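K.L.:
Below you'll find protein32.cif; it's mmCIF, C-alpha atoms.
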data_query
#
loop_
_atom_site.label_atom_id
_atom_site.label_comp_id
_atom_site.auth_asym_id
_atom_site.auth_seq_id
_atom_site.Cartn_x
_atom_site.Cartn_y
_atom_site.Cartn_z
CA MET A 20 113.37 197.83 129.63
CA ALA A 21 112.25 196.19 126.38
CA LEU A 22 108.68 196.78 125.29
CA LEU A 23 106.36 193.80 125.61
CA ARG A 24 103.43 192.84 123.42
CA TYR A 25 100.00 193.45 124.92
CA LEU A 26 96.64 192.27 123.59
CA HIS A 27 93.18 193.22 124.77
CA LEU A 28 90.53 190.66 123.82
CA ASP A 29 86.76 190.36 123.70
CA VAL A 30 86.09 186.77 124.82
CA PHE A 31 82.85 184.84 124.23
CA ALA A 32 81.23 187.75 122.39
CA ALA A 33 78.07 187.10 120.39
CA THR A 34 78.23 190.66 119.07
CA LEU A 35 81.07 193.19 118.94
CA GLY A 36 81.92 194.25 122.48
CA GLY A 37 79.51 191.76 123.98
CA GLY A 38 81.99 189.45 125.67
CA ASN A 39 84.34 189.57 128.62
CA HIS A 40 87.46 191.75 128.64
CA LEU A 41 90.86 190.09 128.91
CA GLY A 42 94.31 191.64 128.96
CA VAL A 43 97.19 189.40 127.83
CA VAL A 44 100.87 190.24 128.37
CA VAL A 45 103.32 188.33 126.18
CA GLY A 46 106.93 187.70 127.11
CA ALA A 47 107.08 188.96 130.71
CA ASN A 48 109.56 186.20 131.51
CA ASP A 49 111.56 188.38 133.91
CA TRP A 50 108.55 189.57 135.92
CA ASN A 51 107.98 188.10 139.34
CA THR A 52 104.63 187.50 141.00
CA ASP A 53 104.53 190.98 142.58
CA ASP A 54 105.23 192.57 139.19
CA MET A 55 102.37 190.70 137.57
CA GLN A 56 99.98 191.46 140.42
CA ARG A 57 100.85 195.15 140.26
CA PHE A 58 100.05 195.31 136.55
CA ALA A 59 96.83 193.30 136.95
CA ARG A 60 95.74 195.68 139.70
CA TRP A 61 96.39 198.62 137.37
CA THR A 62 94.39 197.19 134.44
CA ALA A 63 91.44 196.64 136.82
CA LEU A 64 90.13 193.95 134.46
CA VAL A 65 88.31 190.90 135.75
CA GLU A 66 91.45 188.95 134.77
CA THR A 67 94.82 189.70 133.21
CA THR A 68 97.02 186.85 131.98
CA PHE A 69 100.70 186.40 131.26
CA LEU A 70 101.81 184.08 128.45
CA LEU A 71 105.08 182.33 129.24
CA ALA A 72 107.19 179.44 128.02
CA PRO A 73 105.92 176.09 129.36
CA THR A 74 107.74 174.18 132.07
CA ASP A 75 105.90 170.93 131.30
CA PRO A 76 107.09 169.22 128.09
CA LYS A 77 103.50 168.27 127.25
CA ALA A 78 102.28 171.87 127.33
CA SER A 79 102.01 174.22 124.34
CA TYR A 80 102.47 177.30 126.54
CA ARG A 81 102.08 178.41 130.15
CA VAL A 82 99.66 181.01 131.48
CA ARG A 83 99.44 182.77 134.83
CA ILE A 84 96.06 184.30 135.63
CA PHE A 85 95.53 187.30 137.92
CA THR A 86 92.50 189.18 139.17
CA PRO A 87 93.18 192.69 140.52
CA GLN A 88 93.44 191.11 143.99
CA LYS A 89 95.28 187.81 143.55
CA GLU A 90 96.60 185.06 141.30
CA ILE A 91 94.16 182.22 140.60
CA PRO A 92 94.95 178.73 139.31
CA PHE A 93 92.24 178.52 136.66
CA ALA A 94 89.45 180.45 134.98
CA GLY A 95 87.44 179.87 131.84
CA HIS A 96 87.41 183.03 129.75
CA PRO A 97 91.09 183.82 130.51
CA SER A 98 92.02 180.32 129.33
CA ILE A 99 90.07 180.62 126.07
CA GLY A 100 91.33 184.14 125.41
CA SER A 101 94.94 183.28 126.24
CA ALA A 102 94.85 180.29 123.89
CA HIS A 103 93.57 182.56 121.13
CA ALA A 104 96.33 185.08 121.88
CA ALA A 105 98.99 182.35 121.86
CA MET A 106 97.98 181.41 118.32
CA VAL A 107 97.74 185.03 117.15
CA CYS A 108 101.27 185.65 118.46
CA ASN A 109 102.56 182.37 116.93
CA LEU A 110 103.61 181.09 120.35
CA ALA A 111 101.68 177.86 119.88
CA GLN A 112 99.75 176.02 117.21
CA PRO A 113 97.36 173.09 117.69
CA HIS A 114 98.51 169.51 117.21
CA GLU A 115 95.76 167.11 116.15
CA GLY A 116 93.24 169.83 116.95
CA LEU A 117 94.45 170.47 120.50
CA LEU A 118 96.47 172.99 122.45
CA TRP A 119 97.72 172.08 125.90
CA GLN A 120 97.64 174.90 128.44
CA GLU A 121 99.83 174.78 131.52
CA CYS A 122 98.30 176.71 134.41
CA GLY A 123 97.88 176.48 138.16
CA ALA A 124 95.28 173.73 137.72
CA GLY A 125 97.64 171.53 135.69
CA VAL A 126 97.95 170.94 131.94
CA LEU A 127 94.52 171.28 130.36
CA PRO A 128 93.46 170.52 126.77
CA ILE A 129 91.88 173.17 124.57
CA ARG A 130 90.11 171.98 121.42
CA VAL A 131 90.57 174.17 118.33
CA GLU A 132 87.88 174.16 115.62
CA GLY A 133 87.91 176.31 112.47
CA ASP A 134 90.37 178.94 111.31
CA GLU A 135 91.02 182.63 111.97
CA ALA A 136 87.78 184.63 112.38
CA ASP A 137 85.67 181.45 112.39
CA ARG A 138 87.76 179.72 115.05
CA ASP A 139 86.05 178.30 118.12
CA LEU A 140 88.02 177.17 121.16
CA PHE A 141 86.72 174.70 123.74
CA LEU A 142 88.29 174.21 127.16
CA ARG A 143 87.85 170.91 128.95
CA SER A 144 86.65 171.85 132.40
CA PRO A 145 88.35 170.32 135.44
CA PRO A 146 86.28 167.56 137.08
CA SER A 147 83.45 168.93 139.22
CA ARG A 148 81.92 167.57 142.39
CA VAL A 149 78.82 168.60 144.30
CA LEU A 150 79.76 169.57 147.85
CA GLN A 151 76.33 170.57 149.18
CA ARG A 152 72.84 170.49 147.75
CA GLY A 153 69.51 172.03 148.76
CA ARG A 154 68.16 175.49 149.59
CA ASP A 155 68.60 174.83 153.33
CA THR A 156 72.14 173.52 153.05
CA HIS A 157 73.74 176.80 154.17
CA PRO A 158 72.28 179.38 156.58
CA LEU A 159 73.18 182.31 154.27
CA LEU A 160 71.89 180.81 151.04
CA ALA A 161 68.24 181.84 151.44
CA ALA A 162 69.21 185.51 151.79
CA ALA A 163 71.38 185.33 148.67
CA LEU A 164 68.42 183.90 146.72
CA GLU A 165 65.88 186.41 148.03
CA GLY A 166 63.52 187.63 145.31
CA ILE A 167 63.54 184.61 143.02
CA SER A 168 61.80 181.26 142.87
CA CYS A 169 63.99 178.23 142.31
CA GLY A 170 63.56 175.97 139.29
CA ARG A 171 63.42 172.20 139.06
CA LEU A 172 67.01 171.63 140.24
CA PRO A 173 67.89 172.42 143.86
CA PRO A 174 70.69 174.93 144.60
CA ALA A 175 74.11 173.37 145.01
CA LEU A 176 77.68 174.21 145.93
CA VAL A 177 79.90 172.79 143.19
CA ASP A 178 83.70 172.68 143.03
CA GLY A 179 85.10 172.53 139.50
CA GLY A 180 88.46 174.22 139.72
CA ARG A 181 86.66 177.17 141.27
CA ARG A 182 83.89 176.83 143.84
CA TRP A 183 80.46 178.25 142.93
CA TRP A 184 76.96 178.22 144.35
CA LEU A 185 74.57 177.30 141.52
CA ALA A 186 70.85 178.01 141.51
CA GLU A 187 68.26 177.34 138.84
CA VAL A 188 65.61 180.07 138.60
CA ALA A 189 62.03 179.13 137.72
CA ASP A 190 61.86 181.18 134.51
CA GLU A 191 63.99 183.33 132.23
CA ALA A 192 62.04 186.56 132.75
CA SER A 193 62.49 186.39 136.53
CA LEU A 194 66.21 185.82 136.20
CA ARG A 195 66.73 188.65 133.73
CA ALA A 196 64.72 191.10 135.89
CA TRP A 197 66.24 190.01 139.22
CA GLN A 198 67.89 192.68 141.37
CA PRO A 199 69.99 190.52 143.70
CA ASP A 200 71.22 191.47 147.14
CA HIS A 201 74.93 191.69 146.38
CA ALA A 202 75.85 192.08 150.06
CA ALA A 203 74.07 188.81 150.83
CA ILE A 204 75.86 187.05 147.97
CA GLY A 205 79.17 188.44 149.23
CA ALA A 206 78.50 187.17 152.74
CA LEU A 207 77.67 183.71 151.36
CA ALA A 208 80.81 183.71 149.21
CA ARG A 209 83.08 184.62 152.11
CA ALA A 210 81.45 182.16 154.52
CA SER A 211 81.73 179.26 152.05
CA ASP A 212 85.10 180.20 150.50
CA SER A 213 83.43 180.34 147.09
CA MET A 214 83.39 182.62 144.06
CA GLY A 215 79.77 183.55 144.73
CA LEU A 216 76.47 182.70 143.08
CA CYS A 217 75.73 181.67 139.50
CA ALA A 218 72.02 181.60 138.61
CA PHE A 219 70.57 180.06 135.47
CA ALA A 220 67.21 179.53 133.78
CA ARG A 221 65.95 177.59 130.81
CA SER A 222 65.18 179.95 127.96
CA VAL A 223 61.84 180.39 126.23
CA GLU A 224 63.67 181.09 122.95
CA ALA A 225 64.92 177.55 122.30
CA ASP A 226 65.13 174.17 124.02
CA ASP A 227 68.94 174.17 123.90
CA LEU A 228 69.46 177.66 125.34
CA LEU A 229 70.31 178.49 128.94
CA VAL A 230 70.35 182.01 130.38
CA VAL A 231 73.08 182.58 132.96
CA ARG A 232 73.95 185.37 135.39
CA ALA A 233 77.10 185.15 137.53
CA PHE A 234 77.83 187.17 140.67
CA PRO A 235 81.45 186.48 141.77
CA ALA A 236 81.34 188.56 144.92
CA GLY A 237 84.05 186.35 146.40
CA VAL A 238 86.63 188.11 144.21
CA GLY A 239 85.06 191.55 144.43
CA ILE A 240 83.10 191.52 141.14
CA VAL A 241 79.43 192.54 141.09
CA GLU A 242 78.42 190.67 137.92
CA ASP A 243 80.48 188.86 135.30
CA PRO A 244 79.47 189.16 131.61
CA ALA A 245 80.83 185.75 130.54
CA SER A 246 81.94 182.97 132.89
CA GLY A 247 83.67 179.92 131.46
CA ALA A 248 84.46 178.13 134.71
CA ALA A 249 81.02 178.77 136.21
CA ASN A 250 79.34 177.49 133.06
CA GLY A 251 81.51 174.38 133.25
CA SER A 252 80.20 173.75 136.76
CA ILE A 253 76.60 174.27 135.63
CA ALA A 254 77.05 171.79 132.77
CA ALA A 255 78.59 169.21 135.09
CA TYR A 256 75.73 169.63 137.57
CA ILE A 257 73.09 169.25 134.85
CA ALA A 258 74.86 166.19 133.44
CA GLN A 259 74.87 164.59 136.89
CA VAL A 260 71.29 165.26 137.98
CA GLU A 261 69.54 165.21 134.57
CA PRO A 262 71.52 162.61 132.58
CA HIS A 263 68.58 161.98 130.23
CA GLY A 264 67.21 165.53 130.03
CA SER A 265 67.07 167.80 127.01
CA LEU A 266 70.31 169.55 128.02
CA ALA A 267 72.28 166.39 128.82
CA ARG A 268 74.32 166.44 125.59
CA GLY A 269 75.02 170.18 125.64
CA TYR A 270 73.46 173.54 124.96
CA ARG A 271 74.10 177.21 124.18
CA VAL A 272 74.42 179.95 126.82
CA SER A 273 73.32 183.58 126.78
CA GLN A 274 74.99 185.75 129.41
CA GLY A 275 75.66 189.40 130.17
CA ARG A 276 72.70 191.23 128.62
CA GLU A 277 71.61 192.57 132.00
CA ILE A 278 74.84 194.57 132.27
CA GLY A 279 75.06 195.72 128.66
CA HIS A 280 76.99 192.78 127.20
CA ASP A 281 75.96 189.98 124.84
CA ALA A 282 78.00 186.83 125.40
CA ARG A 283 77.57 183.46 123.72
CA LEU A 284 79.06 180.28 125.10
CA VAL A 285 78.60 176.67 124.09
CA ALA A 286 78.57 173.75 126.54
CA ARG A 287 79.29 170.28 125.22
CA ILE A 288 78.68 167.31 127.49
CA GLU A 289 80.43 164.08 126.49
CA GLY A 290 79.75 161.63 129.28
CA ASP A 291 81.57 162.99 132.32
CA VAL A 292 83.71 165.33 130.18
CA ILE A 293 82.59 168.95 129.87
CA TRP A 294 83.82 171.34 127.17
CA ILE A 295 83.01 175.07 127.37
CA GLY A 296 83.81 177.20 124.36
CA GLY A 297 83.18 180.07 122.04
CA ARG A 298 85.01 182.72 120.04
CA SER A 299 87.48 185.44 120.92
CA ARG A 300 88.49 188.59 119.10
CA VAL A 301 91.62 190.72 119.52
CA VAL A 302 90.43 194.33 119.85
CA ILE A 303 93.79 195.94 120.71
CA ASP A 304 97.24 194.63 119.74
CA GLY A 305 100.08 196.87 120.83
CA THR A 306 103.15 197.31 122.99
CA LEU A 307 103.41 197.64 126.74
CA ASP A 308 105.75 200.21 128.27
CA TRP A 309 105.81 199.24 131.94
CA THR A 310 108.66 199.24 134.39
CA THR A 311 108.86 196.67 137.17
CA ASP A 312 111.15 198.88 139.29
CA GLY A 313 109.47 199.90 142.56
#
In structure tokens, what does this structure look like?

P.N.:
Amino acid sequence: MALLRYLHLDVFAATLGGGNHLGVVVGANDWNTDDMQRFARWTALVETTFLLAPTDPKASYRVRIFTPQKEIPFAGHPSIGSAHAAMVCNLAQPHEGLLWQECGAGVLPIRVEGDEADRDLFLRSPPSRVLQRGRDTHPLLAAALEGISCGRLPPALVDGGRRWWLAEVADEASLRAWQPDHAAIGALARASDSMGLCAFARSVEADDLLVVRAFPAGVGIVEDPASGAANGSIAAYIAQVEPHGSLARGYRVSQGREIGHDARLVARIEGDVIWIGGRSRVVIDGTLDWTTDG
């Protein structure tokens, strides 16, 4: 079997090693779904992606995204990291500042700004809608929020390509120190067919900074260091309920410090269009010796 190219990326990192891991396999055109799932299970990364030739003439490339447990149609940091990898591998280059990613959620635009090490990529989040709103809207929500006081926005279940419970916490210090009940979050995730809980607080450091912690117990992850899709849902929720607030045009995000990471994301809100972006860095670029036989 021919060796394939494999890249390991640090996505949304504010400092070296601060972002979210992503494994990217290039050229696995002969692999079937079981082959890809087997490799993703072996990497044990939050997500592993496979860069393939597009099937839609509008798309720059196609990506399939796998957690260790299953294939998913869309996710934020795998989309940003895969777009970066596609350019590094010369599989795609932006046209009029855009790449077009084909994935399970359709063909999505990715905005490219800057060059090489100074390049920022922004993914346009799928449209989001609020499904439920209020602390009493689900019988398991109160247990998942035990130990924190809610902020000015009520908790909500939001579907934006992936379904998340969102909860604003009253202050940054409480959110950073919170020791959540992961079993309770897992029970809520399973009962509501959601990713889990994403909590956020307005930062004391700057008016345009939001602190975020994400607990995707629905896919077996305790805490995620950098969450593109979840942050897209938060931005859409803020844009809807605080259209004239200080965050209504966009803001910066700090995530992951509580688990030893240091991620930086940027949310841009342009009317009802949400862009979530940041930088990626290839840490490992090598070859993959992996057989798909048995």

K.L.:
Can you pull out every residue within 12 Å of Arg271 of chain A, counting all atoms listed in the file, but drop anything in the same chain fewer than 5 positions away, and send it as an NGL selection string?

P.N.:
:A and (31 or 33 or 221-222 or 224-231 or 250 or 254 or 266 or 282-288 or 294-297)

K.L.:
Fewer than 5 positions away in the same chain doesn't count, so skip those; otherwise give me all residues within 10 Å of Leu185 of chain A, counting all atoms listed in the file, as JSON, numbers by chain.

P.N.:
{"A": [152, 172, 173, 174, 175, 176, 177, 215, 216, 217, 218, 219, 233, 249, 250, 252, 253, 256]}

K.L.:
Any chance you could resolve the PyMOL selection byres ((chain A and resi 122) around 10) against this file and give the residues as a PyMOL selection string?

P.N.:
chain A and resi 73+78+80-84+91-94+98+119-121+123-127

K.L.:
Using all atoms listed in the file, which protein or nucleic acid residues come within 7 Å of Gly46 of chain A? Drop anything in the same chain fewer than 2 positions from it, and give the result as a PyMOL selection string.

P.N.:
chain A and resi 23+44+48+70-71

K.L.:
Can you list, as a compact mmCIF listing (two decimals) with C-alpha atoms, in the coordinates of the input, every protein, DNA or RNA residue that comes within 7 Å of Ala163 of chain A when you count only C-alpha atoms, leaving out same-chain residues fewer than 6 positions away?

P.N.:
# COMPACT_ATOMS: atom_id res chain seq x y z
CA ASP A 200 71.22 191.47 147.14
CA ALA A 203 74.07 188.81 150.83
CA ILE A 204 75.86 187.05 147.97

K.L.:
Which residue, A:Val43, A:Ala255, A:Ala267, A:Ala220, has the smallest gap to Val149 of chain A when you use all atoms listed in the file?

P.N.:
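Between A:Val43, A:Ala255, A:Ala267, A:Ala220, the residue approaching Val149 of chain A most closely is A:Ala255.
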
K.L.:
Compare A:Val223, A:Leu28, A:Leu142, A:Leu118 by their minimum atom-to-atom distance to Ala248 of chain A, counting all atoms listed in the file, and give me the closest one.

P.N.:
A:Leu142

K.L.:
Could you give me, as a PyMOL selection string, the residues within 9 Å of Phe85 of chain A, counting only C-alpha atoms and dropping anything in the same chain fewer than 2 positions from it?

P.N.:
chain A and resi 55-56+59-60+65-69+83+87-92

K.L.:
Separation of atom CA of Ala208 of chain A and atom CA of Asp281 of chain A, in Å?

P.N.:
25.6 Å

K.L.:
Could you check how far atom CA of Gly95 of chain A sits from atom CA of Ser168 of chain A, in Å to one decimal?

P.N.:
27.9 Å

K.L.:
Here is a test: counting all atoms listed in the file, which residue of A:Gly269, A:Pro128, A:Gly205, A:Gly239 is nearest to Ser79 of chain A?

P.N.:
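Checking each of A:Gly269, A:Pro128, A:Gly205, A:Gly239 against Ser79 of chain A, counting all atoms listed in the file, the winner is A:Pro128.
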
K.L.:
For a test of reading the model, state the distance in Å between atom CA of Glu242 of chain A and atom CA of Gly275 of chain A, rounded to one decimal.

P.N.:
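Distance between the two atoms: 8.3 Å.
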
K.L.:
Kindly resolve the PyMOL selection byres ((chain A and resi 107) around 12) on the present coordinates and return the residues as a list in words.

P.N.:
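Evaluating the PyMOL selection byres ((chain A and resi 107) around 12) on this file yields Arg24, Tyr25, Leu26, Leu28, Val43, Val45, Gly100, Ser101, Ala102, His103, Ala104, Ala105, Met106, Cys108, Asn109, Leu110, Ala111, Gln112, Pro113, Asp134, Glu135, Ala136, Arg138, Ser299, Arg300, Val301 and Asp304 of chain A.
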
K.L.:
Between A:Ser193, A:Thr311, A:Thr74, A:Ser211, which one has atoms that come closest to Gln151 of chain A, using all atoms listed in the file?

P.N.:
A:Ser211

K.L.:
Quick one: apply the PyMOL selection byres ((chain A and resi 245) around 6) to the file and drop the selected residues here as an MDAnalysis selection string.

P.N.:
chainID A and resid 39 243:244 246 274 282

K.L.:
From the list A:Ser213, A:Thr156, A:Gln259, A:Thr34, which residue is nearest Asp291 of chain A when using only C-alpha atoms?

P.N.:
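When distances to Asp291 of chain A are compared using only C-alpha atoms, the smallest one comes from A:Gln259.
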
K.L.:
Go through A:Gln198, A:Gly251, A:Arg171, A:Thr306 and flag the residue nearest Gly264 of chain A, using all atoms listed in the file for the distances.

P.N.:
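For Gly264 of chain A, the nearest of the candidates is A:Arg171.
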